[in-house]
Structure formats: C-alpha cells, structure tokens
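Asker: Structure incoming, see below.
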Amino acid sequence: MNDDLERARREVRPDTLASMRRLDAALQRADVRWEGRTVREWLALYVEPQGPLEALTQLREAGLGAVPALLEGLESSPSRRWGEAEHERRLLYLDLLAQVDPVPTGIVPALLEVLEVPGARVRRATLALLAKLEPRPTKALLRVLFASLKDRDGEVRARAAQVCSRLDGPVPARVRDAVLARLTDEHRWARCYALVTLGRMSPADASLVVVLEEQAQLDDDNRTEALRALLAHAPGRALPLLVEDARKGLSSKDPWGAPHAAGVRALCVLREEGRRAAPVLEDLGRLRSEVRSPVFIDAAIDAIVRDGLRPRESQGTTEGSARAAALRAPLPPPLNAAERPLDRLVRWAVSCGGPGTESRVRIVLAAARRVVGLWDVEYPDNEWPQRGLQAMEGWGCDPTDAAARHARHEASLYPSQLSAPAAFAAAWAVTHASRCIPVEGPVEPHESDVDDGALRACLQSATKALSTPVGDLGPLGGNQRAPDGLPASEAVRVLHRAIQEEVLPWALGAWDPVVDVRRARR
C-alpha cells in the first residue's frame, strides 16, 4: 500500500487529471490524514458556515491530492433546496482550486462543464480560474469562450476576454476576430483584456495598427493598454506616443490628475520594454530636464540602460568567480515536506550575503525593483517607493553612513491597508529592503536585520506582491491591469532569476547594474 502511495506521489502531474485521481485513490486506501482528518473531512468542515480557518491550511497542505475531492463538489448537481447556498458552496470550491500549488492545469475540461451552471457569479469565478490555468485553445474551450464573450453580464464578458489574453501558445485568428468586437464593449475590463489579447498576436499584424491607434485616442480608460498592444505591431509608432504621454503627464501641474497618471504609466511601459525602448533614450533625457520631479523618468532610463548592458560577457576575476558561486547556485532543495518555497529562497539569499554586506543589500534591491512597478502603476501620484529605491542605489554608489541613513529615511514607507494588495506588498518590500543597509549606532529593533529579519521580510513581501491574486475586476482589486498572481513556488523562481540577473554581473566584476547605470544616466 505504501509503495502504491509513493508511486502515486511520484507520478502525480498537475496537467493530468488521471494522475491526481490515482493519488487521491492511494491516499484514501492508505487512510492518510492531515492533523487527524482526511481531505474530505477537512473539506466538509470548511464549506460549513463559519468553518475553522485551520481547514483551509490543511487543504492547502494536501495540494494536488485535494483536487479530485474539490471537483466532486463542483460536479454535484444543484438542487432547489440549496438555492443560493449551492452557488456559495461552488464558489468556495473554485476559490480552493485557485489556491492549489502547483497550478492544476489538468482540470480545464471539468471547469468547462461548470460554465453551463446557471448563475453569473459562478461563471465569473470559473472564468477567473481558467485565466490562471492558461489553457490551450481547444475547440471545446473556444466554443465556451465565444459564448461567454457575448454574455449579458459585463464581468462575465470581461473574464472571458481575460481567458483569451492568457491562452497557451499563439493566439488563434478566430480569437482575434472575437476580441476585436469587444473593443466597443461598455465594460472597461472587457476592452482592456481584448487589447491585451491583440498585443499577444504574433507575428506583427499591420492591419491592427490603425485600430489600436484609434482605440488609444477613444478609450481613455485603456489608453496605456492600447499603446502597449501597439508596441507589439508597430513599435516605431508606439514609442513616440508613449514619450508624448509622459511629457504631457509629468508637465501637468496636477499630480493627482488623469494626465499625470497616464504619463507615469507610459513610463512604466517603457521600463518593461527595456532595451527595445532604446530609440527614445535621448527624448527621455531631454524630458528629464523639463519636469520638476524626474523620479519616474530616471527609473525608465535606468531600466532601458540596464537591460542594454545585460548581454555583456561576464569575465570576472577569480575572487569574483568565487563570490558568485553561491549566486549561481539553484534554489536549495526543501529540508522537509512542510518547508515553504519562500524559506528556500531565504536560505539561498543568506548563503549569498551575510548581514550588513553589500551583497545582501544588492539582493534585496533587486527583489524590490522587480515588484515596485506594481505600486507605480496603481498609485502613479505617489513616487516614494521609487525615491526609496533610488536612495538605496545612491548608497550603492557611495556607501557612507550619511547615505545609509538617507536611504533608510526615503524608503520608510507605511502604505495604507486599503491599498490594492499587490501594490501594498510591493511598497513594504522597499521598506524592508532599506533595513538591510548597515548603519552606525543604535537603531530601533523593528528596523534592524538581526537574525536575517529584514531580508526575510523583504523577500516575503516581494513574493506576496507577485503571488497575490490581483482581482482587478472585483471590489478589492486595483484601478489598473496588473499581472495575475503567480503560485508561490513560481513567484519565488521569478525573484531568484531577477536577483541572479542583477547581482551576478557585479559579483563577477563584469559591470555594475547600479553604478554603471547611474553613470550612464548622467
């Protein structure tokens, strides 16, 4: 029996429902329990009104082994006696499936059947989960998506467009034609995700250029998204428009107005483009001298220059190579089944740089830089996280105690708890990163890096920023489209790569992603 269970655990694959069912059967035969209860017993407790929060923890621990039990709950036919309670129960199951790590992509066929259930709320939640699964564009899926794109409920149409924007592989021509019709949809997010889908079309389609330019002029709510899509098809026409948006916005005297927000978000797009936005570097340099607060322009210039320097050969010294060995290492294997992905990232970061070292500061700086854009896009009227990061870079160029205290002061951010969740976590990542900078004299206990506390807190906040479900169509979501939340394990891998890309060149002595970039900006 134990051999069967071990084999099932070894062979389970998130993209194959049959393997998850084999694991579920092996768990039942072996009577495996979590804190004294089976998966189905915890599930029964959780779906009850005011069920214990411990049940959620145990269901998350079960991972892929809980998927078949959750699907059984979704497949049960609703009865008249249940009414609205049946919908609530289904919503709970869908929410639990969205939290399974790794993402169970093999459940897509089962979810297509759930979309036939009456009730807009269930359809919205199902489509949101499908978007996270990034399904393949099969005939069965496209049939359901096209029907949902014409649904009477605006949010259902928006969620269907979101699924179209997240399809695995190239976007089929049929999907392109379907989302083009959504550009006139009354629901803002339906238009937004239609533009995201068009931006994913490959190869570049010249017939979309005029359409996207017109959409940028007509759709004020999604102008930045229209220009982002235009970049994929005509970068030579999109880049000047983004610079012009930045000029109008940052020249505005109202930092809380719509033009300023559009200008900052245009600069965020240029940051994301990296070296592909190099043709507008001179324009950004001129614009920098025209505005009162060039913080976001500096961030865009730095990102473009940094990405342009990245392909340089890493020919470091022997000493640098030895120092870089730990950075090159993959994430360590888990110490036990209960260890979280974040704990592995922290152990790796600790091995790369001890407390009070420049290596550690650069590690947390890279992690905070990877997520700070989530705050900038959401709250373009608040430049403090960027100012905090640039003050930390100033310490990297001139590591004096005065620079350290200035960086800590600039990065001491305390965002409102009503902030969008991903942006909230990104701001805290900056704050915790600054506390890894060593200073002379006493500091407050909560501002020290004793026992790797600040390092852990920074990486934890950055992981939360990447893995928090954005929910931008719901009441707790943001005002702007942001990347959908990643599973915690994938968020950790993204941060691991981001840290390696930024810190390794410095460790090897090839080039400095902080000093060289700031020198190039000047």
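Order determines the names: the first chain of the structure tokens is A, the second B, and so forth; residues in each chain are numbered 1 upward, and ligands are numbered 1 upward as they are shown.
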Find the residues around region 18-21 of chain A up to 12 Å (only C-alpha atoms counted), leave out those fewer than 5 positions away in its own chain, and share them as a PyMOL selection string.

Answerer: chain A and resi 5+7-13+26-28+62-72+102+104-107

Asker: For Val269 (chain A), list every protein, DNA or RNA residue within 10 Å, evaluated using only C-alpha atoms, and leave out those in the same chain fewer than 2 positions away; present the list as a ChimeraX atom specification.

Answerer: /A:224-225,227-228,231,239,242,264-267,271-274,277,300,373,377

Asker: I need the residue nearest Cys458 (chain A) from this list: A:Ile499, A:Val305, A:Leu287, A:Val364. Use only C-alpha atoms for the distance.

Answerer: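 For Cys458 (chain A), the nearest of the given residues is A:Val364.
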
Asker: Contacts of Val39 (chain A) at 7 Å or less, counting only C-alpha atoms, minus same-chain residues fewer than 2 places along, as a PyMOL selection string?

Answerer: chain A and resi 37+41-43+59+66

Asker: Write out the residues from the selection above, keeping all heavy atoms, as a compact mmCIF listing (two decimals), in the first residue's frame.

Answerer:
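As written to disk, selection-v4.txt reads:
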```
# COMPACT_ATOMS: atom_id res chain seq x y z
N ARG A 37 -7.48 14.25 10.21
CA ARG A 37 -8.64 14.21 9.33
C ARG A 37 -8.21 14.02 7.88
O ARG A 37 -7.13 14.45 7.48
CB ARG A 37 -9.47 15.50 9.44
CG ARG A 37 -10.20 15.67 10.76
CD ARG A 37 -11.11 16.89 10.69
NE ARG A 37 -11.95 17.01 11.87
CZ ARG A 37 -11.64 17.70 12.96
NH1 ARG A 37 -10.47 18.33 13.01
NH2 ARG A 37 -12.46 17.76 14.00
N GLU A 41 -12.86 15.15 4.94
CA GLU A 41 -13.36 15.62 6.24
C GLU A 41 -13.03 17.10 6.46
O GLU A 41 -13.88 17.87 6.94
CB GLU A 41 -12.76 14.75 7.35
CG GLU A 41 -13.32 13.34 7.38
CD GLU A 41 -12.56 12.43 8.33
OE1 GLU A 41 -11.41 12.78 8.72
OE2 GLU A 41 -13.10 11.37 8.69
N TRP A 42 -11.82 17.51 6.10
CA TRP A 42 -11.48 18.93 6.21
C TRP A 42 -12.34 19.76 5.27
O TRP A 42 -12.76 20.88 5.61
CB TRP A 42 -9.99 19.15 5.89
CG TRP A 42 -9.06 18.82 7.01
CD1 TRP A 42 -8.07 17.89 7.01
CD2 TRP A 42 -9.01 19.46 8.29
NE1 TRP A 42 -7.41 17.88 8.22
CE2 TRP A 42 -7.96 18.84 9.02
CE3 TRP A 42 -9.75 20.46 8.90
CZ2 TRP A 42 -7.63 19.21 10.31
CZ3 TRP A 42 -9.42 20.84 10.20
CH2 TRP A 42 -8.38 20.23 10.89
N LEU A 43 -12.60 19.23 4.08
CA LEU A 43 -13.41 19.96 3.11
C LEU A 43 -14.83 20.15 3.62
O LEU A 43 -15.43 21.22 3.49
CB LEU A 43 -13.41 19.21 1.78
CG LEU A 43 -14.04 19.92 0.59
CD1 LEU A 43 -13.39 21.27 0.36
CD2 LEU A 43 -13.93 19.05 -0.66
N LEU A 59 -6.10 21.95 3.77
CA LEU A 59 -6.43 21.70 2.37
C LEU A 59 -5.31 22.20 1.46
O LEU A 59 -5.01 21.58 0.44
CB LEU A 59 -7.75 22.38 2.02
CG LEU A 59 -9.00 21.73 2.64
CD1 LEU A 59 -10.22 22.62 2.47
CD2 LEU A 59 -9.26 20.36 2.02
N ALA A 66 -5.88 17.14 -3.07
CA ALA A 66 -7.23 17.61 -2.75
C ALA A 66 -8.05 17.91 -3.99
O ALA A 66 -9.26 18.14 -3.88
CB ALA A 66 -7.14 18.87 -1.88
```

Asker: Applying 12 Å and only C-alpha atoms, which residues near Gly453 (chain A) remain after dropping the ones on its own chain fewer than 6 positions away? List them as a list of chain:residue names.

Answerer: A:Val346, A:Val350, A:Pro355, A:His432, A:Ala433, A:Arg435, A:Cys436, A:Pro445, A:His446, A:Glu447, A:Leu459, A:Gln460

Asker: For the structure I just gave you, how does DSSP split region 198-376 of chain A - specifically, which residues are helix (DSSP H, G or I)? Reply as a ChimeraX atom specification.

Answerer: /A:198-199,206-218,220-233,235-251,258-288,295-309,318-328,341-352,358-371,373-376

Asker: Just checking: using only C-alpha atoms, which residue out of A:Pro172, A:Gly388, A:Pro118, A:Gly396 ends up closest to Pro513 (chain A)?

Answerer: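 When distances to Pro513 (chain A) are compared using only C-alpha atoms, the smallest one comes from A:Gly396.
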
Asker: Select, from A:Ala325, A:Cys268, A:Ala229, A:Ile363, the residue with the minimum atom-to-atom distance to Val196 (chain A), counting only C-alpha atoms.

Answerer: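 Among the listed residues, the smallest separation from Val196 (chain A) belongs to A:Ala229.
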
Asker: Choose the residue, out of A:Pro294, A:Arg176, A:Pro438, A:Leu218, that has the smallest atom-to-atom separation from Ala246 (chain A); count only C-alpha atoms.

Answerer: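 Counting only C-alpha atoms, the residue closest to Ala246 (chain A) is A:Pro294.
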
Asker: Between CA of Met392 (chain A) and CA of Ala407 (chain A), what is the distance in Å, rounded to a tenth?

Answerer: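 Interatomic distance here is 5.1 Å.
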
Asker: Which residue gives the smallest distance to Leu284 (chain A) among A:Val209, A:Leu167, A:Phe146, A:Arg521, with only C-alpha atoms counted?

Answerer: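 Smallest separation from Leu284 (chain A) among the options: A:Arg521.
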
Asker: Go through A:Val179, A:Leu389, A:Leu466, A:Val450 one by one, measure the shortest atom-to-atom distance of each to Leu374 (chain A) using only C-alpha atoms, and give the residue with the smallest value.

Answerer: A:Leu466

Asker: How far is it from CA of Cys397 (chain A) to CA of Ala367 (chain A), in Å with one decimal?

Answerer: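 Result for CA of Cys397 (chain A) versus CA of Ala367 (chain A): 18.3 Å, one decimal.
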
Asker: As a list in words, please: the residues near Lys248 (chain A) (cut-off 9 Å, only C-alpha atoms, same-chain neighbours under 4 positions excluded).

Answerer: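 Listed by chain and then number, they are Val243, Glu244, Ser252, Pro259, His260, Ala262 and Gly263 of chain A.
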